[in-house]
Amino acid sequence: MQPTKKILIISYYWPPAGGPGVQRWLKFVKYLPDFNIEPHVYVPENPTYPLIDQKLVNEVSSKAIIIKQPIFEPYGLASFFSKNNTKKISSGIIPNQKKQSFIEKAMLWIRGNVFIPDARVFWVKPSVKFLKEYLQEHKIDTIITTGPPHSLHLIGLQLKKEFNITWLADFRDPWTTIGYHKQLKLSSWAANKHKALEKEVMNACDQLIVTSPTTKAEFEAITSKPIEVITNGYDMEQVRKKPLDDKFTLAHIGSFLSARNPTILWKALQELITENKEFNKQFQLKLIGAVSAEVLQSIKEFGLNNHVNHLGYLPHHEAIMEQRSSQVLLLIEIDSQETRCIIPGKLFEYMVSERPIIAIGPEHADFAQIIKETNTGAFFKYDELEALKTQILYYFEQFQQNNLKVFPVGLQQYSRISLTEKLAKLLIIHH
């Protein structure tokens with residue numbers, strides 16, 4: 001059967017990239033052929049990925065057509081000064097303001113003021129030149145750009161200006177309202193340039209896709225173009241089952257950034273260790289992924305060091321195994337207005353791991369609603385110390401009785417195949 005539609009997806013993150021940025025389109029591409037859509041995926045040939053996960057290469061759909069073109073990234077020049085700093089900043093780990101070295105400050109200034117919208121902007125021109133021919137040759141009339149990096153939307157913008165094509169712009173994160181945008185030491189000229197480009201992209205595309213209701217509301221103030229919320233989700237992953245941890249493990253999976261440092265949690269745990277002998281004996285804090293120095297320092301200051309099991313970065317399938325064998329899963333989001341819209345991708349993996357979630361985040365966080373509706377755990381604001389302690393203790397008592405489990409409802413809507421069906425319907429509407 002001939003595919004009814006061909007589409008071109010323009011993405012920066014693609015296997016072997018690790019981390020959360022790659023999952024969304026890897027999974028859409030996996031399931032789009034089931035809806036009679038042939039995905040052509042355009043990605044860089046020699047990118048600078050902060051995290052590598054070779055196993056993800058095996059997950060790329062054999063029905064996808066992958067096109068690669070070289071990219072020039074100034075991060076290569078920057079790492080000439082300091083490889084470690086460059087890697088951290090390119091992966092979004094921005095050091096605490098007071099602790100930034102001169103090189104880090106300079107790199108942030110250059111990142112925000114010279115490369116607008118970001119350091120992948122040099123890929124725009126050669127990509128437009130290459131894709132103009134590719135689209136005509138393969139008779140493709142629909143493109144999707146996904147950011148960050150938001151410079152990829154500029155490729156969509158140029159192609160839209162030159163061809164009569166349908167263009168969907170997918171924002172995995174917001175552009176100018178994202179938490180770290182303020183930390184880029186922007187001049188007022190640069191800040192206005194970011195805003196102007198954001199507005200131009202949003203008003204030139206045919207359809208916007210966002211990952212949360214709050215982002216949709218923010219974007220509605222900038223454009224009258226249609227906006228669809230398609231969250232991230234979970235895929236049914238076949239991983240070897242490990243027995244549940246013997247200890248009462250609270251596990252955090254993923255990058256633990258400085259700004260996410262939940263002192264309320266460390267305080268709650270410190271008090272529980274002091275007040276409850278059994279808890280002190282049984283409790284373990286399991287950390288998987290990059291953890292910032294500030295977070296580790298905090299853990300130490302609260303006297304939790306003896307309880308820490310820091311496993312470092314693990315390939316995705318191993319992280320999933322560890323996640324499913326943990327007693328309780330931790331989801332931490334920065335306490336600020338800008339982060340209300342963030343629904344971490346790992347939430348959905350957490351939800352199907354059948355382990356209870358303890359989430360801490362800003363008031364009116366979009367993900368709080370999802371946890372509540374799916375009955376997968378408990379959410380706390382940063383000032384709810386006593387309630388948080390009570391919940392941890394409740395889970396601990398259930399653990400002692402060998403009875404700690406969750407009973408989720410309505411998870412199916414967040415499966416990658418259901419979400420791809422939503423995307424496919426959008427593509428058909430715009431056909």
# chains A, B, ... in the order shown; residues from 1 in each chain; ligands from 1
>>> select_by_dssp(residues="range 107-282 of chain A", states="alpha helix (DSSP H)", output="MDAnalysis selection string")
chainID A and resid 107:113 124:137 151:162 188:204 213:220 263:275 277:282
>>> closest_residue(among="A:Asp245, A:Glu198, A:Glu373, A:Asp235", to="Thr420 in chain A", atoms="only C-alpha atoms")
A:Asp235
>>> closest_atom_pairs(of="range 322-343 of chain A", to="range 161-174 of chain A", cutoff="12 Å", atoms="only C-alpha atoms", output="JSON lines")
{"residue": "A:Glu338", "atom": "CA", "partner": "A:Pro174", "partner_atom": "CA", "distance": 9.3}
{"residue": "A:Thr339", "atom": "CA", "partner": "A:Pro174", "partner_atom": "CA", "distance": 9.9}
{"residue": "A:Arg340", "atom": "CA", "partner": "A:Pro174", "partner_atom": "CA", "distance": 11.3}
{"residue": "A:Cys341", "atom": "CA", "partner": "A:Pro174", "partner_atom": "CA", "distance": 8.6}
{"residue": "A:Ile342", "atom": "CA", "partner": "A:Asp173", "partner_atom": "CA", "distance": 7.5}
{"residue": "A:Ile343", "atom": "CA", "partner": "A:Asp173", "partner_atom": "CA", "distance": 9.5}
>>> write_last_selection(atoms="C-alpha atoms", output="JSON list (two decimals), in the first residue's frame")
[["chain", "number", "residue", "atom", "x", "y", "z"],
["A", 338, "GLU", "CA", 8.39, 29.92, 33.92],
["A", 339, "THR", "CA", 8.51, 26.23, 34.76],
["A", 340, "ARG", "CA", 4.78, 25.71, 35.30],
["A", 341, "CYS", "CA", 4.53, 24.64, 31.67],
["A", 342, "ILE", "CA", 7.23, 21.97, 31.90],
["A", 343, "ILE", "CA", 5.93, 18.42, 31.90]]
>>> residues_around(residues="Asn305 in chain A", least_positions_apart="5", cutoff="10 Å", atoms="only C-alpha atoms", output="PDB file with C-alpha atoms, in the first residue's frame")
ATOM      1  CA  GLN A 284      18.403   5.174  50.386  1.00  0.00           C
ATOM      2  CA  LEU A 285      18.537   8.081  47.920  1.00  0.00           C
ATOM      3  CA  LEU A 296      25.502  17.144  45.909  1.00  0.00           C
ATOM      4  CA  GLN A 297      26.723  19.842  48.309  1.00  0.00           C
ATOM      5  CA  SER A 298      23.184  20.352  49.640  1.00  0.00           C
ATOM      6  CA  ILE A 299      22.696  16.626  50.182  1.00  0.00           C
ATOM      7  CA  LYS A 300      25.931  16.610  52.159  1.00  0.00           C
TER       8      LYS A 300
END
>>> closest_residue(among="A:Leu131, A:Ile71, A:Ala387, A:Met236", to="Pro44 in chain A", atoms="only C-alpha atoms")
A:Ile71
>>> residues_around(residues="range 6-13 of chain A", least_positions_apart="3", cutoff="8 Å", atoms="only C-alpha atoms", output="JSON list (two decimals) with N, CA and C atoms, in the first residue's frame")
[["chain", "number", "residue", "atom", "x", "y", "z"],
["A", 3, "PRO", "N", 2.11, 4.93, 0.77],
["A", 3, "PRO", "CA", 1.79, 5.88, 1.85],
["A", 3, "PRO", "C", 0.96, 7.04, 1.30],
["A", 17, "ALA", "N", 22.06, 10.46, 20.01],
["A", 17, "ALA", "CA", 21.90, 11.43, 21.11],
["A", 17, "ALA", "C", 21.16, 10.75, 22.25],
["A", 21, "GLY", "N", 15.63, 14.98, 24.94],
["A", 21, "GLY", "CA", 15.27, 15.71, 23.71],
["A", 21, "GLY", "C", 15.03, 14.80, 22.51],
["A", 22, "VAL", "N", 15.62, 13.63, 22.52],
["A", 22, "VAL", "CA", 15.58, 12.77, 21.34],
["A", 22, "VAL", "C", 14.32, 11.88, 21.30],
["A", 37, "ILE", "N", 1.83, 7.29, 6.92],
["A", 37, "ILE", "CA", 2.62, 8.51, 6.68],
["A", 37, "ILE", "C", 4.09, 8.10, 6.61],
["A", 38, "GLU", "N", 4.77, 8.55, 5.55],
["A", 38, "GLU", "CA", 6.18, 8.20, 5.35],
["A", 38, "GLU", "C", 7.06, 9.34, 5.89],
["A", 39, "PRO", "N", 7.82, 9.07, 6.98],
["A", 39, "PRO", "CA", 8.63, 10.14, 7.55],
["A", 39, "PRO", "C", 10.04, 10.21, 6.93],
["A", 40, "HIS", "N", 10.39, 11.40, 6.43],
["A", 40, "HIS", "CA", 11.76, 11.70, 6.03],
["A", 40, "HIS", "C", 12.32, 12.56, 7.16],
["A", 41, "VAL", "N", 13.46, 12.18, 7.70],
["A", 41, "VAL", "CA", 13.99, 12.88, 8.87],
["A", 41, "VAL", "C", 15.34, 13.51, 8.52],
["A", 42, "TYR", "N", 15.41, 14.82, 8.66],
["A", 42, "TYR", "CA", 16.64, 15.56, 8.33],
["A", 42, "TYR", "C", 17.36, 15.93, 9.62],
["A", 43, "VAL", "N", 18.60, 15.44, 9.78],
["A", 43, "VAL", "CA", 19.36, 15.65, 11.02],
["A", 43, "VAL", "C", 20.81, 15.98, 10.68],
["A", 44, "PRO", "N", 21.56, 16.56, 11.64],
["A", 44, "PRO", "CA", 22.96, 16.87, 11.37],
["A", 44, "PRO", "C", 23.83, 15.61, 11.33],
["A", 47, "PRO", "N", 26.94, 16.25, 14.81],
["A", 47, "PRO", "CA", 26.50, 17.16, 15.87],
["A", 47, "PRO", "C", 27.33, 17.02, 17.15],
["A", 49, "TYR", "N", 26.58, 16.31, 20.62],
["A", 49, "TYR", "CA", 25.58, 15.91, 21.62],
["A", 49, "TYR", "C", 26.23, 15.81, 23.00],
["A", 140, "ILE", "N", 7.50, 16.44, -1.51],
["A", 140, "ILE", "CA", 7.03, 16.55, -0.12],
["A", 140, "ILE", "C", 6.43, 17.93, 0.07],
["A", 141, "ASP", "N", 5.19, 17.97, 0.60],
["A", 141, "ASP", "CA", 4.55, 19.28, 0.75],
["A", 141, "ASP", "C", 4.30, 19.68, 2.21],
["A", 142, "THR", "N", 4.79, 18.85, 3.15],
["A", 142, "THR", "CA", 4.58, 19.16, 4.57],
["A", 142, "THR", "C", 5.89, 18.99, 5.32],
["A", 143, "ILE", "N", 6.24, 20.01, 6.11],
["A", 143, "ILE", "CA", 7.45, 19.88, 6.93],
["A", 143, "ILE", "C", 7.10, 20.15, 8.40],
["A", 144, "ILE", "N", 7.90, 19.54, 9.27],
["A", 144, "ILE", "CA", 7.77, 19.78, 10.71],
["A", 144, "ILE", "C", 9.14, 20.17, 11.23],
["A", 145, "THR", "N", 9.23, 21.27, 11.95],
["A", 145, "THR", "CA", 10.48, 21.62, 12.63],
["A", 145, "THR", "C", 10.27, 21.44, 14.12],
["A", 146, "THR", "N", 11.28, 20.93, 14.81],
["A", 146, "THR", "CA", 11.14, 20.75, 16.26],
["A", 146, "THR", "C", 12.30, 21.43, 16.99],
["A", 147, "GLY", "N", 11.97, 22.23, 17.99],
["A", 147, "GLY", "CA", 12.99, 22.94, 18.77],
["A", 147, "GLY", "C", 12.66, 22.81, 20.25],
["A", 149, "PRO", "N", 16.97, 22.99, 19.50],
["A", 149, "PRO", "CA", 17.34, 24.37, 19.24],
["A", 149, "PRO", "C", 16.35, 25.05, 18.30],
["A", 152, "LEU", "N", 16.22, 25.75, 14.31],
["A", 152, "LEU", "CA", 15.64, 24.85, 13.31],
["A", 152, "LEU", "C", 14.33, 25.38, 12.76]]
>>> residues_around(residues="range 394-410 of chain A", least_positions_apart="6", cutoff="12 Å", atoms="only C-alpha atoms", output="ChimeraX atom specification")
/A:244-250,269,272-273,276,278-284,324-329,348,350-358,370-378,387-388
>>> residues_around(residues="Arg416 in chain A", least_positions_apart="4", cutoff="8 Å", atoms="only C-alpha atoms", output="list in words")
Lys27, Phe28, Tyr31, Asn232, Gly233, Tyr234, Asp235 and Thr420 of chain A
>>> closest_residue(among="A:Leu287, A:Ile428, A:Ile334, A:Leu257", to="Lys5 in chain A", atoms="only C-alpha atoms")
A:Ile428
